[in-house]
$ cat query.cif   # mmCIF, C-alpha atoms and all ligand atoms
data_upload
#
loop_
_atom_site.label_atom_id
_atom_site.label_comp_id
_atom_site.auth_asym_id
_atom_site.auth_seq_id
_atom_site.Cartn_x
_atom_site.Cartn_y
_atom_site.Cartn_z
CA MET B 1 22.88 -1.92 5.58
CA ARG B 2 20.45 -1.63 8.46
CA TYR B 3 17.95 0.87 9.83
CA LEU B 4 16.19 1.88 12.98
CA THR B 5 13.02 3.88 13.37
CA ALA B 6 11.83 6.01 16.27
CA GLY B 7 8.65 7.92 16.98
CA GLU B 8 5.21 7.70 18.54
CA SER B 9 1.96 7.89 16.55
CA HIS B 10 0.90 11.21 18.11
CA GLY B 11 4.41 12.31 19.07
CA LYS B 12 6.34 15.08 17.33
CA GLU B 13 7.82 13.15 14.46
CA LEU B 14 9.04 9.87 13.08
CA THR B 15 12.74 9.34 12.55
CA THR B 16 14.54 6.77 10.40
CA ILE B 17 18.31 6.27 10.48
CA ILE B 18 19.84 4.10 7.76
CA GLU B 19 23.42 2.99 7.98
CA GLY B 20 25.50 1.37 5.26
CA VAL B 21 24.15 3.06 2.14
CA PRO B 22 27.13 3.46 -0.21
CA ALA B 23 28.32 6.94 -1.16
CA GLN B 24 27.49 8.58 -4.50
CA LEU B 25 24.01 7.13 -4.87
CA PRO B 26 21.73 9.81 -6.37
CA LEU B 27 18.99 10.45 -3.79
CA THR B 28 16.49 13.29 -3.40
CA LYS B 29 13.62 13.90 -1.04
CA GLU B 30 11.23 13.53 -3.99
CA ASP B 31 12.25 9.85 -4.23
CA ILE B 32 11.08 9.37 -0.64
CA ASN B 33 8.03 11.64 -0.73
CA GLU B 34 6.57 9.80 -3.67
CA SER B 35 6.60 6.60 -1.60
CA LEU B 36 5.20 8.31 1.50
CA LEU B 37 2.29 9.76 -0.45
CA ARG B 38 1.50 6.41 -2.03
CA ARG B 39 1.27 4.86 1.45
CA GLN B 40 -1.30 7.43 2.51
CA LYS B 41 -3.77 6.63 -0.25
CA GLY B 42 -6.29 3.83 -0.57
CA HIS B 43 -10.03 3.39 -0.13
CA GLY B 44 -10.87 2.53 3.47
CA ARG B 45 -8.45 4.66 5.43
CA GLY B 46 -9.71 6.70 8.38
CA LYS B 47 -9.74 10.42 9.19
CA ARG B 48 -6.14 10.53 10.36
CA MET B 49 -4.91 10.34 6.78
CA GLN B 50 -6.66 13.64 6.06
CA ILE B 51 -4.71 15.25 8.89
CA GLU B 52 -1.26 13.93 7.98
CA LYS B 53 0.58 15.03 4.85
CA ASP B 54 3.69 12.93 5.11
CA LEU B 55 6.72 14.73 3.73
CA VAL B 56 10.31 13.86 4.51
CA ASP B 57 13.12 16.06 5.70
CA ILE B 58 16.54 14.57 4.97
CA THR B 59 18.61 15.74 7.93
CA SER B 60 21.90 13.95 7.29
CA GLY B 61 23.83 11.70 4.95
CA VAL B 62 22.89 13.41 1.68
CA ARG B 63 24.54 16.42 0.06
CA HIS B 64 23.63 18.05 -3.24
CA GLY B 65 21.54 15.09 -4.32
CA TYR B 66 24.03 12.32 -3.53
CA THR B 67 24.56 10.05 -0.53
CA LEU B 68 27.73 10.62 1.47
CA GLY B 69 28.25 7.13 2.86
CA SER B 70 27.45 8.45 6.33
CA PRO B 71 24.22 7.54 8.18
CA ILE B 72 21.14 8.92 6.46
CA SER B 73 18.52 10.34 8.78
CA LEU B 74 14.99 11.01 7.64
CA VAL B 75 12.31 12.87 9.58
CA VAL B 76 8.55 12.85 8.97
CA LYS B 77 6.52 15.26 11.11
CA ASN B 78 3.22 14.25 12.70
CA ASP B 79 0.85 17.11 11.94
CA ASP B 80 -1.58 15.73 14.53
CA TYR B 81 0.99 16.41 17.28
CA LYS B 82 -0.28 19.98 17.70
CA HIS B 83 -3.45 18.51 19.22
CA TRP B 84 -1.47 16.19 21.49
CA THR B 85 1.29 18.39 22.91
CA ASP B 86 0.00 18.16 26.52
CA ILE B 87 -0.58 14.45 26.25
CA MET B 88 2.58 13.44 24.41
CA GLY B 89 5.12 16.10 25.51
CA GLU B 90 8.47 14.98 26.94
CA ASP B 91 8.62 17.31 29.97
CA PRO B 92 7.71 15.99 33.44
CA LEU B 93 4.13 16.68 34.45
CA THR B 94 3.61 19.69 36.72
CA GLU B 95 0.96 20.00 39.43
CA ASP B 96 -1.36 22.08 37.25
CA VAL B 97 -1.17 19.67 34.28
CA LYS B 98 -3.24 16.57 34.79
CA LEU B 99 -2.51 13.39 32.92
CA ARG B 100 -5.21 13.00 30.29
CA ARG B 101 -6.35 10.27 27.92
CA VAL B 102 -4.92 7.53 30.07
CA VAL B 103 -5.56 4.12 28.54
CA THR B 104 -6.39 1.37 31.04
CA ARG B 105 -8.59 -0.65 28.71
CA PRO B 106 -6.57 -2.96 26.45
CA ARG B 107 -8.00 -3.44 22.96
CA PRO B 108 -8.20 -7.08 21.86
CA GLY B 109 -5.78 -7.85 19.03
CA HIS B 110 -3.48 -4.90 19.74
CA ALA B 111 -0.13 -4.82 21.56
CA ASP B 112 -1.76 -2.93 24.49
CA LEU B 113 -1.98 -5.62 27.15
CA ASN B 114 1.17 -7.62 26.35
CA GLY B 115 3.18 -4.41 26.07
CA ALA B 116 1.86 -3.19 29.43
CA LEU B 117 2.74 -6.50 31.08
CA LYS B 118 6.20 -6.47 29.55
CA TYR B 119 7.22 -2.85 30.26
CA GLY B 120 5.15 -2.36 33.40
CA HIS B 121 3.09 0.52 31.95
CA ARG B 122 -0.16 1.19 33.76
CA ASP B 123 -1.05 3.79 31.11
CA MET B 124 -1.23 1.73 27.93
CA ARG B 125 -0.88 4.86 25.81
CA ASN B 126 2.84 4.22 26.41
CA VAL B 127 2.43 1.04 24.39
CA LEU B 128 -0.10 1.91 21.72
CA GLU B 129 1.65 5.09 20.62
CA ARG B 130 4.65 3.08 19.45
CA SER B 131 2.93 -0.13 18.36
CA SER B 132 0.67 1.92 16.05
CA ALA B 133 0.98 1.37 12.32
CA ARG B 134 1.92 5.02 12.00
CA GLU B 135 5.46 3.67 12.30
CA THR B 136 5.13 2.13 8.84
CA ALA B 137 5.67 5.64 7.41
CA ALA B 138 9.22 5.50 8.79
CA ARG B 139 9.72 2.04 7.31
CA VAL B 140 8.50 3.22 3.93
CA ALA B 141 11.04 6.06 4.10
CA ALA B 142 13.83 3.50 4.62
CA GLY B 143 12.46 1.32 1.85
CA ALA B 144 12.29 4.29 -0.52
CA VAL B 145 16.07 4.72 -0.19
CA ALA B 146 16.52 1.00 -0.90
CA LYS B 147 14.16 1.24 -3.88
CA THR B 148 16.15 4.13 -5.31
CA MET B 149 19.26 2.00 -5.12
CA LEU B 150 17.56 -1.03 -6.68
CA LYS B 151 16.18 1.06 -9.51
CA GLN B 152 19.67 2.29 -10.37
CA LEU B 153 20.70 -1.37 -10.52
CA GLY B 154 17.86 -2.22 -12.92
CA ILE B 155 15.65 -3.84 -10.27
CA GLU B 156 11.99 -2.77 -10.20
CA ILE B 157 9.48 -3.60 -7.49
CA CYS B 158 5.74 -3.18 -7.14
CA GLY B 159 3.19 -3.88 -4.40
CA TYR B 160 -0.55 -4.28 -5.01
CA VAL B 161 -3.62 -5.92 -3.54
CA LYS B 162 -4.66 -9.49 -4.34
CA GLU B 163 -7.61 -9.87 -2.02
CA ILE B 164 -9.80 -7.80 0.29
CA GLY B 165 -12.30 -9.42 2.64
CA GLY B 166 -12.63 -12.57 0.52
CA ILE B 167 -12.87 -10.75 -2.84
CA ARG B 168 -10.02 -12.08 -4.92
CA ALA B 169 -8.25 -10.60 -7.91
CA ARG B 170 -7.60 -12.98 -10.80
CA GLU B 171 -4.04 -14.02 -11.65
CA ILE B 172 -3.05 -11.50 -14.29
CA ASP B 173 0.37 -11.90 -15.85
CA LEU B 174 1.73 -8.46 -16.64
CA PRO B 175 5.16 -6.90 -16.92
CA ILE B 176 6.21 -4.81 -13.94
CA ARG B 177 5.64 -1.40 -15.56
CA GLU B 178 2.00 -2.24 -16.20
CA ARG B 179 1.58 -3.57 -12.69
CA GLN B 180 2.93 -0.27 -11.40
CA THR B 181 0.68 1.87 -13.60
CA ILE B 182 -2.55 -0.09 -13.07
CA SER B 183 -2.20 -0.47 -9.29
CA GLU B 184 -1.36 3.21 -8.93
CA GLN B 185 -4.62 4.19 -10.63
CA SER B 186 -6.77 1.85 -8.56
CA PRO B 187 -8.29 3.17 -5.28
CA VAL B 188 -7.74 -0.30 -3.82
CA ARG B 189 -4.44 -0.90 -5.64
CA THR B 190 -5.68 -3.96 -7.53
CA LEU B 191 -4.61 -5.08 -11.01
CA ASP B 192 -8.05 -6.59 -11.65
CA LYS B 193 -10.48 -3.87 -12.78
CA GLU B 194 -13.38 -6.32 -12.72
CA ILE B 195 -13.46 -6.72 -8.95
CA GLU B 196 -12.25 -3.25 -7.97
CA GLN B 197 -15.76 -1.90 -7.34
CA GLN B 198 -16.72 -5.02 -5.38
CA MET B 199 -13.70 -4.49 -3.13
CA MET B 200 -14.68 -0.87 -2.51
CA ASP B 201 -18.31 -1.81 -1.81
CA LYS B 202 -17.14 -4.44 0.64
CA ILE B 203 -15.00 -1.86 2.47
CA ASP B 204 -17.90 0.64 2.58
CA GLN B 205 -20.31 -1.95 3.91
CA THR B 206 -17.78 -3.10 6.53
CA LYS B 207 -17.29 0.49 7.66
CA LYS B 208 -21.06 0.96 7.97
CA ASP B 209 -21.21 -2.19 10.08
CA GLY B 210 -18.52 -0.80 12.41
CA ASP B 211 -16.21 -3.63 11.46
CA SER B 212 -12.87 -4.03 9.67
CA ILE B 213 -11.49 -6.32 6.95
CA GLY B 214 -8.09 -7.60 5.95
CA GLY B 215 -6.72 -9.18 2.81
CA VAL B 216 -3.68 -10.21 0.83
CA ALA B 217 -1.00 -7.98 -0.67
CA GLU B 218 1.53 -9.12 -3.27
CA VAL B 219 4.96 -7.79 -4.12
CA TYR B 220 6.45 -8.46 -7.54
CA VAL B 221 10.10 -7.83 -8.40
CA GLU B 222 11.82 -7.89 -11.77
CA GLY B 223 15.53 -7.68 -12.46
CA MET B 224 17.07 -9.41 -9.43
CA PRO B 225 20.11 -11.35 -10.65
CA ALA B 226 20.22 -15.10 -9.90
CA GLY B 227 22.19 -16.33 -6.89
CA ILE B 228 21.46 -13.54 -4.38
CA GLY B 229 21.06 -14.88 -0.83
CA SER B 230 22.64 -18.17 0.16
CA TYR B 231 21.93 -21.81 0.99
CA VAL B 232 24.92 -22.21 3.31
CA HIS B 233 23.35 -20.94 6.55
CA TYR B 234 19.77 -20.54 7.74
CA ASP B 235 20.14 -16.83 8.43
CA ARG B 236 21.41 -16.02 4.95
CA LYS B 237 18.46 -17.52 3.11
CA LEU B 238 16.91 -14.52 1.42
CA ASP B 239 13.40 -15.98 1.13
CA SER B 240 13.24 -16.40 4.90
CA ARG B 241 14.51 -12.87 5.50
CA ILE B 242 11.86 -11.51 3.17
CA THR B 243 8.99 -13.44 4.72
CA GLY B 244 10.24 -12.49 8.21
CA ALA B 245 10.27 -8.83 7.21
CA VAL B 246 6.74 -9.09 5.78
CA VAL B 247 5.36 -10.63 8.97
CA SER B 248 7.01 -7.81 10.94
CA ILE B 249 4.61 -5.30 9.33
CA ASN B 250 1.77 -4.36 11.68
CA ALA B 251 -1.21 -6.72 11.37
CA PHE B 252 0.55 -9.13 8.95
CA LYS B 253 0.08 -12.73 10.01
CA GLY B 254 1.79 -14.73 7.28
CA ALA B 255 3.74 -14.64 4.05
CA GLU B 256 4.32 -16.99 1.15
CA ILE B 257 6.66 -17.14 -1.81
CA GLY B 258 5.32 -18.09 -5.23
CA ILE B 259 2.46 -20.58 -4.96
CA GLY B 260 3.27 -20.87 -1.24
CA PHE B 261 0.71 -22.87 0.78
CA GLU B 262 -0.83 -24.20 -2.43
CA ALA B 263 2.23 -26.44 -2.79
CA ALA B 264 0.88 -28.55 0.08
CA HIS B 265 -1.74 -30.19 -2.13
CA LYS B 266 0.11 -30.43 -5.43
CA TYR B 267 2.45 -33.04 -6.90
CA GLY B 268 6.14 -32.25 -7.14
CA SER B 269 5.83 -32.15 -10.92
CA GLU B 270 3.23 -29.37 -10.56
CA VAL B 271 5.34 -27.29 -8.19
CA HIS B 272 8.90 -27.21 -9.52
CA ASP B 273 9.97 -25.07 -12.42
CA GLU B 274 11.82 -26.73 -15.29
CA ILE B 275 15.20 -25.32 -16.23
CA ALA B 276 15.89 -24.09 -19.75
CA TRP B 277 18.69 -22.20 -21.49
CA ASN B 278 19.13 -19.89 -24.44
CA GLU B 279 21.97 -17.70 -25.59
CA GLU B 280 20.27 -14.41 -24.82
CA ARG B 281 19.01 -15.16 -21.30
CA GLY B 282 21.36 -17.89 -20.16
CA PHE B 283 19.59 -20.23 -17.72
CA TYR B 284 15.96 -19.54 -16.90
CA ARG B 285 12.86 -21.39 -15.64
CA LYS B 286 9.97 -22.29 -17.94
CA THR B 287 7.48 -21.40 -15.19
CA ASN B 288 7.79 -19.44 -11.95
CA ARG B 289 5.71 -21.33 -9.42
CA LEU B 290 8.45 -21.06 -6.81
CA GLY B 291 8.26 -17.27 -7.04
CA GLY B 292 11.90 -16.55 -7.88
CA PHE B 293 13.56 -18.62 -5.13
CA GLU B 294 15.26 -21.99 -4.88
CA GLY B 295 17.52 -22.95 -1.97
CA GLY B 296 17.20 -19.56 -0.29
CA MET B 297 18.66 -17.85 -3.37
CA THR B 298 17.13 -15.91 -6.22
CA THR B 299 16.70 -17.79 -9.50
CA GLY B 300 16.72 -14.65 -11.66
CA MET B 301 12.98 -15.10 -12.31
CA PRO B 302 10.58 -12.45 -10.94
CA ILE B 303 10.19 -12.58 -7.16
CA VAL B 304 6.57 -13.04 -6.08
CA VAL B 305 5.73 -12.68 -2.38
CA LYS B 306 2.32 -12.54 -0.74
CA GLY B 307 1.50 -11.27 2.73
CA VAL B 308 -1.75 -11.69 4.63
CA MET B 309 -3.02 -8.80 6.72
CA LYS B 310 -5.59 -9.45 9.41
CA PRO B 311 -8.46 -6.98 9.80
CA ILE B 312 -7.41 -3.96 11.88
CA PRO B 313 -8.35 -4.77 15.48
CA THR B 314 -9.63 -1.28 16.34
CA LEU B 315 -13.37 -1.75 15.81
CA TYR B 316 -16.40 0.48 16.17
CA LYS B 317 -18.22 -2.75 16.89
CA PRO B 318 -16.80 -3.34 20.34
CA LEU B 319 -15.11 -6.52 21.52
CA GLN B 320 -15.00 -7.55 25.17
CA SER B 321 -11.94 -6.85 27.27
CA VAL B 322 -11.01 -6.19 30.91
CA ASP B 323 -9.90 -2.88 32.50
CA ILE B 324 -6.42 -3.32 34.01
CA GLU B 325 -7.23 -1.11 37.04
CA THR B 326 -10.79 -2.10 37.97
CA LYS B 327 -10.57 -5.64 36.52
CA GLU B 328 -14.11 -5.01 35.28
CA PRO B 329 -15.12 -6.32 31.86
CA PHE B 330 -16.06 -3.64 29.29
CA ASN B 331 -16.73 -3.27 25.59
CA ALA B 332 -13.71 -1.71 23.84
CA SER B 333 -14.59 1.64 22.23
CA ILE B 334 -12.58 3.86 19.91
CA GLU B 335 -12.44 7.34 18.46
CA ARG B 336 -11.36 6.64 14.91
CA SER B 337 -9.99 3.80 12.85
CA ASP B 338 -9.35 2.54 9.35
CA ALA B 339 -11.93 0.01 8.08
CA CYS B 340 -9.34 -1.44 5.70
CA ALA B 341 -5.67 -0.61 5.26
CA VAL B 342 -4.67 -3.38 2.83
CA PRO B 343 -4.03 -0.98 -0.11
CA ALA B 344 -1.67 1.10 2.06
CA ALA B 345 -0.14 -2.05 3.53
CA SER B 346 0.75 -3.28 0.03
CA VAL B 347 2.87 -0.14 -0.36
CA VAL B 348 4.49 -0.79 3.03
CA MET B 349 5.19 -4.38 2.01
CA GLU B 350 6.79 -3.23 -1.25
CA HIS B 351 9.20 -1.05 0.73
CA VAL B 352 9.96 -3.61 3.40
CA VAL B 353 10.83 -6.19 0.72
CA ALA B 354 12.90 -3.60 -1.18
CA PHE B 355 15.01 -3.03 1.92
CA GLU B 356 15.76 -6.75 2.33
CA LEU B 357 16.74 -7.07 -1.34
CA ALA B 358 19.05 -4.05 -1.25
CA LYS B 359 20.58 -5.30 1.99
CA ALA B 360 21.26 -8.75 0.51
CA ILE B 361 22.89 -7.18 -2.55
CA LEU B 362 25.15 -5.07 -0.38
CA GLU B 363 26.14 -8.10 1.67
CA GLN B 364 27.12 -9.97 -1.46
CA PHE B 365 28.78 -7.05 -3.24
CA PRO B 366 29.99 -4.83 -0.41
CA ASN B 367 31.26 -1.50 -1.63
CA ASP B 368 31.46 2.00 -0.19
CA ARG B 369 31.00 3.59 -3.62
CA PHE B 370 27.75 3.12 -5.43
CA PRO B 371 29.15 3.45 -9.01
CA VAL B 372 31.62 0.62 -8.26
CA LEU B 373 28.82 -1.51 -6.83
CA LYS B 374 26.81 -0.89 -9.99
CA GLU B 375 29.70 -2.07 -12.16
CA ALA B 376 30.15 -5.17 -10.00
CA ILE B 377 26.47 -6.09 -10.41
CA GLU B 378 26.63 -5.58 -14.16
CA ALA B 379 29.73 -7.78 -14.38
CA TYR B 380 28.08 -10.45 -12.22
CA ARG B 381 24.94 -10.43 -14.38
CA GLU B 382 27.08 -11.00 -17.46
CA GLU B 383 29.01 -13.79 -15.74
CA VAL B 384 25.77 -15.52 -14.80
CA ARG B 385 24.34 -15.09 -18.31
CA CYS B 386 27.43 -16.66 -19.89
CA PHE B 387 27.74 -19.46 -17.32
C1 LIG H 401 -3.51 3.53 13.93
C2 LIG H 401 -4.66 4.25 14.15
C3 LIG H 401 -5.04 5.41 13.32
C4 LIG H 401 -4.40 5.23 11.95
C5 LIG H 401 -2.90 5.09 12.16
C6 LIG H 401 -2.62 3.79 12.80
O1 LIG H 401 -4.51 6.61 13.84
P1 LIG H 401 -5.30 7.51 14.94
O2 LIG H 401 -5.28 6.68 16.19
O3 LIG H 401 -4.48 8.76 15.04
O4 LIG H 401 -6.65 7.72 14.37
O5 LIG H 401 -4.73 6.24 11.06
O6 LIG H 401 -2.22 5.15 10.94
C7 LIG H 401 -1.46 6.26 10.68
C8 LIG H 401 -1.49 7.36 11.37
C9 LIG H 401 -0.61 6.07 9.51
O7 LIG H 401 0.13 7.01 9.16
O8 LIG H 401 -0.68 5.00 8.91
C10 LIG H 401 -3.14 2.42 14.83
O9 LIG H 401 -3.67 2.32 15.92
O10 LIG H 401 -2.28 1.60 14.45
#
$ encode --input "query.cif" --output "structure tokens"
Amino acid sequence: MRYLTAGESHGKELTTIIEGVPAQLPLTKEDINESLLRRQKGHGRGKRMQIEKDLVDITSGVRHGYTLGSPISLVVKNDDYKHWTDIMGEDPLTEDVKLRRVVTRPRPGHADLNGALKYGHRDMRNVLERSSARETAARVAAGAVAKTMLKQLGIEICGYVKEIGGIRAREIDLPIRERQTISEQSPVRTLDKEIEQQMMDKIDQTKKDGDSIGGVAEVYVEGMPAGIGSYVHYDRKLDSRITGAVVSINAFKGAEIGIGFEAAHKYGSEVHDEIAWNEERGFYRKTNRLGGFEGGMTTGMPIVVKGVMKPIPTLYKPLQSVDIETKEPFNASIERSDACAVPAASVVMEHVVAFELAKAILEQFPNDRFPVLKEAIEAYREEVRCF
């Protein structure tokens, strides 16, 4: 299973094409819209989110509520496009239409300058329109299809916020359903009610200061069977695929599994999870410090992944840069921006991880028919439990 996305931030629409989804999987646009709407929420987002109402149109691969096994294409319109038709239209420019809103001033921390150097664009709008995090809506659409599949297989996933601008949520051990409910009700998607207001105040103050803040998102997964992924080759290790996918999200700079970087200053006896067995569960771990992975494979324990998002680089408080035409230094200025997008990014991360999990399952249990795949997973689970 793989997917591609297309679309510019202020272009007509975003498109996602997913290939390799088995036939006969129940799928409706409501499954996808729910995810898209969750991505749009969160304290700290800018004005653009009031303009866009992301709703999907399924344009192929689904008929009467079931997948066909053919490529699934999903389209999300950009409502803002109506204000950008002259600037973003595909037709060649005519004499009477002048090129407007040309970007010659690269913003520090964005793809602007490197993208211009690479593709030879002297108008950096050609770069920023695609490098924009608007594209994460298309990735969430792909992940929503994966999530629907995982759910049918008894695998639940939830993304929430662990930290915003240095304000940290406590470790709270909750079953997945509660994680889903609590994070959904929080304007900053945190499980820790005690620091929720502090996080919001920090975002408000940052916005007033013309600055931006980042943070840490966490994704928690229950129900993955043990032994998914592989130790036999580097590119089949599922933990590395997941962390790679997390770092591919706009503004994400790192990812860790389980206790992650903390392992650097702990003894081996404090890091590894002891193995136990009982008739009902089969093999399990007494703790889950390794976050559901050993040897690039799932252990059957919950998967716990964290991703760190840097502050959004578009700042009202300008940073110095250099104009690519005049070579003059200037202070970068902007029209609008999000002061903090970590709550939304935790939803994106949830969907990006969901896609990697569904893809790994399909690699291990390839089948063109979803009901057969479901039976194969159930049989495998039983085999592992009785091992
Ligand atoms: C973004 C800048 C802002 C964000 C946008 C990503 O958009 P605009 O330039 O139109 O104000 O709101 O995010 C989205 C539109 C979205 O759907 O997440 C950027 O430069 O990355």
$ residues_near_ligand --input "query.cif" --ligand "ligand LIG 401 (chain H)" --cutoff "6 Å" --atoms "all atoms listed in the file" --output "ChimeraX atom specification"
/B:46,48-49,132-134,137,336-337
$ write_last_selection --input "query.cif" --atoms "C-alpha atoms" --output "compact mmCIF listing (two decimals), keeping the file's coordinate frame"
# COMPACT_ATOMS: atom_id res chain seq x y z
CA GLY B 46 -9.71 6.70 8.38
CA ARG B 48 -6.14 10.53 10.36
CA MET B 49 -4.91 10.34 6.78
CA SER B 132 0.67 1.92 16.05
CA ALA B 133 0.98 1.37 12.32
CA ARG B 134 1.92 5.02 12.00
CA ALA B 137 5.67 5.64 7.41
CA ARG B 336 -11.36 6.64 14.91
CA SER B 337 -9.99 3.80 12.85
$ closest_residue --input "query.cif" --among "B:Glu156, B:Asp80, B:Asp192, B:Asp123" --to "Ile172 (chain B)" --atoms "only C-alpha atoms"
B:Asp192
$ residues_around --input "query.cif" --residues "region 198-215 of chain B" --least-positions-apart "4" --cutoff "7 Å" --atoms "all atoms listed in the file" --output "ChimeraX atom specification"
/B:43-44,163-165,167,308-312,315-317,339-340,342
$ atom_distance --input "query.cif" --atom1 "CA of Gly292 (chain B)" --atom2 "CA of Gln152 (chain B)"
20.5 Å
$ residues_around --input "query.cif" --residues "Lys41 (chain B)" --least-positions-apart "5" --cutoff "9 Å" --atoms "only C-alpha atoms" --output "list in words"
Met49, Pro187, Val188, Pro343 and Ala344 of chain B
$ atom_distance --input "query.cif" --atom1 "CA of Arg125 (chain B)" --atom2 "CA of Asp96 (chain B)"
20.7 Å
$ closest_atom_pairs --input "query.cif" --of "region 286-386 of chain B" --to "region 8-30 of chain B" --cutoff "6 Å" --atoms "all atoms listed in the file" --output "CSV"
residue,atom,partner,partner_atom,distance
B:Asp368,CA,B:Pro22,CA,4.6
B:Arg369,CA,B:Ala23,CA,4.9
B:Phe370,CA,B:Pro22,CA,5.3
$ closest_residue --input "query.cif" --among "B:Ile257, B:Ala217, B:Ile87, B:Leu290" --to "Asp273 (chain B)" --atoms "all atoms listed in the file"
B:Leu290
$ residues_around --input "query.cif" --residues "Val219 (chain B)" --least-positions-apart "3" --cutoff "6 Å" --atoms "all atoms listed in the file" --output "PyMOL selection string"
chain B and resi 158-159+304-305+350
$ closest_residue --input "query.cif" --among "B:Phe293, B:Tyr380, B:Trp84, B:Tyr66" --to "Pro225 (chain B)" --atoms "only C-alpha atoms"
B:Tyr380
$ closest_residue --input "query.cif" --among "B:Arg289, B:Lys118, B:His110, B:Lys151" --to "Val221 (chain B)" --atoms "all atoms listed in the file"
B:Lys151
$ closest_residue --input "query.cif" --among "B:Glu52, B:Glu218, B:Asp91, B:Glu129" --to "Met349 (chain B)" --atoms "only C-alpha atoms"
B:Glu218
$ build_atoms --input "query.cif" --residues "region 163-181 of chain B" --atoms "N, CA and C atoms" --output "PDB file, keeping the file's coordinate frame"
ATOM      1  N   GLU B 163      -6.337  -9.438  -2.608  1.00  0.00           N
ATOM      2  CA  GLU B 163      -7.610  -9.870  -2.020  1.00  0.00           C
ATOM      3  C   GLU B 163      -7.997  -8.902  -0.903  1.00  0.00           C
ATOM      4  N   ILE B 164      -9.293  -8.573  -0.855  1.00  0.00           N
ATOM      5  CA  ILE B 164      -9.800  -7.800   0.290  1.00  0.00           C
ATOM      6  C   ILE B 164     -11.075  -8.468   0.763  1.00  0.00           C
ATOM      7  N   GLY B 165     -11.095  -8.828   2.031  1.00  0.00           N
ATOM      8  CA  GLY B 165     -12.300  -9.420   2.640  1.00  0.00           C
ATOM      9  C   GLY B 165     -12.918 -10.523   1.795  1.00  0.00           C
ATOM     10  N   GLY B 166     -12.098 -11.424   1.260  1.00  0.00           N
ATOM     11  CA  GLY B 166     -12.630 -12.570   0.520  1.00  0.00           C
ATOM     12  C   GLY B 166     -12.852 -12.284  -0.965  1.00  0.00           C
ATOM     13  N   ILE B 167     -12.727 -11.044  -1.400  1.00  0.00           N
ATOM     14  CA  ILE B 167     -12.870 -10.750  -2.840  1.00  0.00           C
ATOM     15  C   ILE B 167     -11.485 -10.801  -3.476  1.00  0.00           C
ATOM     16  N   ARG B 168     -11.334 -11.768  -4.373  1.00  0.00           N
ATOM     17  CA  ARG B 168     -10.020 -12.080  -4.920  1.00  0.00           C
ATOM     18  C   ARG B 168      -9.802 -11.560  -6.316  1.00  0.00           C
ATOM     19  N   ALA B 169      -8.632 -10.997  -6.548  1.00  0.00           N
ATOM     20  CA  ALA B 169      -8.250 -10.600  -7.910  1.00  0.00           C
ATOM     21  C   ALA B 169      -7.805 -11.839  -8.667  1.00  0.00           C
ATOM     22  N   ARG B 170      -8.071 -11.850  -9.983  1.00  0.00           N
ATOM     23  CA  ARG B 170      -7.600 -12.980 -10.800  1.00  0.00           C
ATOM     24  C   ARG B 170      -6.083 -12.887 -10.967  1.00  0.00           C
ATOM     25  N   GLU B 171      -5.477 -14.013 -11.321  1.00  0.00           N
ATOM     26  CA  GLU B 171      -4.040 -14.020 -11.650  1.00  0.00           C
ATOM     27  C   GLU B 171      -3.890 -13.323 -12.994  1.00  0.00           C
ATOM     28  N   ILE B 172      -3.224 -12.204 -13.013  1.00  0.00           N
ATOM     29  CA  ILE B 172      -3.050 -11.500 -14.290  1.00  0.00           C
ATOM     30  C   ILE B 172      -1.555 -11.338 -14.526  1.00  0.00           C
ATOM     31  N   ASP B 173      -1.066 -11.927 -15.609  1.00  0.00           N
ATOM     32  CA  ASP B 173       0.370 -11.900 -15.850  1.00  0.00           C
ATOM     33  C   ASP B 173       0.730 -10.652 -16.650  1.00  0.00           C
ATOM     34  N   LEU B 174       1.373  -9.725 -15.987  1.00  0.00           N
ATOM     35  CA  LEU B 174       1.730  -8.460 -16.640  1.00  0.00           C
ATOM     36  C   LEU B 174       3.169  -8.102 -16.325  1.00  0.00           C
ATOM     37  N   PRO B 175       3.820  -7.381 -17.249  1.00  0.00           N
ATOM     38  CA  PRO B 175       5.160  -6.900 -16.920  1.00  0.00           C
ATOM     39  C   PRO B 175       5.095  -5.852 -15.802  1.00  0.00           C
ATOM     40  N   ILE B 176       6.198  -5.652 -15.144  1.00  0.00           N
ATOM     41  CA  ILE B 176       6.210  -4.810 -13.940  1.00  0.00           C
ATOM     42  C   ILE B 176       5.692  -3.380 -14.180  1.00  0.00           C
ATOM     43  N   ARG B 177       6.063  -2.789 -15.296  1.00  0.00           N
ATOM     44  CA  ARG B 177       5.640  -1.400 -15.560  1.00  0.00           C
ATOM     45  C   ARG B 177       4.115  -1.288 -15.546  1.00  0.00           C
ATOM     46  N   GLU B 178       3.468  -2.287 -16.174  1.00  0.00           N
ATOM     47  CA  GLU B 178       2.000  -2.240 -16.200  1.00  0.00           C
ATOM     48  C   GLU B 178       1.416  -2.479 -14.817  1.00  0.00           C
ATOM     49  N   ARG B 179       2.044  -3.341 -14.068  1.00  0.00           N
ATOM     50  CA  ARG B 179       1.580  -3.570 -12.690  1.00  0.00           C
ATOM     51  C   ARG B 179       1.655  -2.259 -11.909  1.00  0.00           C
ATOM     52  N   GLN B 180       2.753  -1.539 -12.126  1.00  0.00           N
ATOM     53  CA  GLN B 180       2.930  -0.270 -11.400  1.00  0.00           C
ATOM     54  C   GLN B 180       1.845   0.736 -11.814  1.00  0.00           C
ATOM     55  N   THR B 181       1.634   0.879 -13.113  1.00  0.00           N
ATOM     56  CA  THR B 181       0.680   1.870 -13.600  1.00  0.00           C
ATOM     57  C   THR B 181      -0.743   1.537 -13.164  1.00  0.00           C
TER      58      THR B 181
END
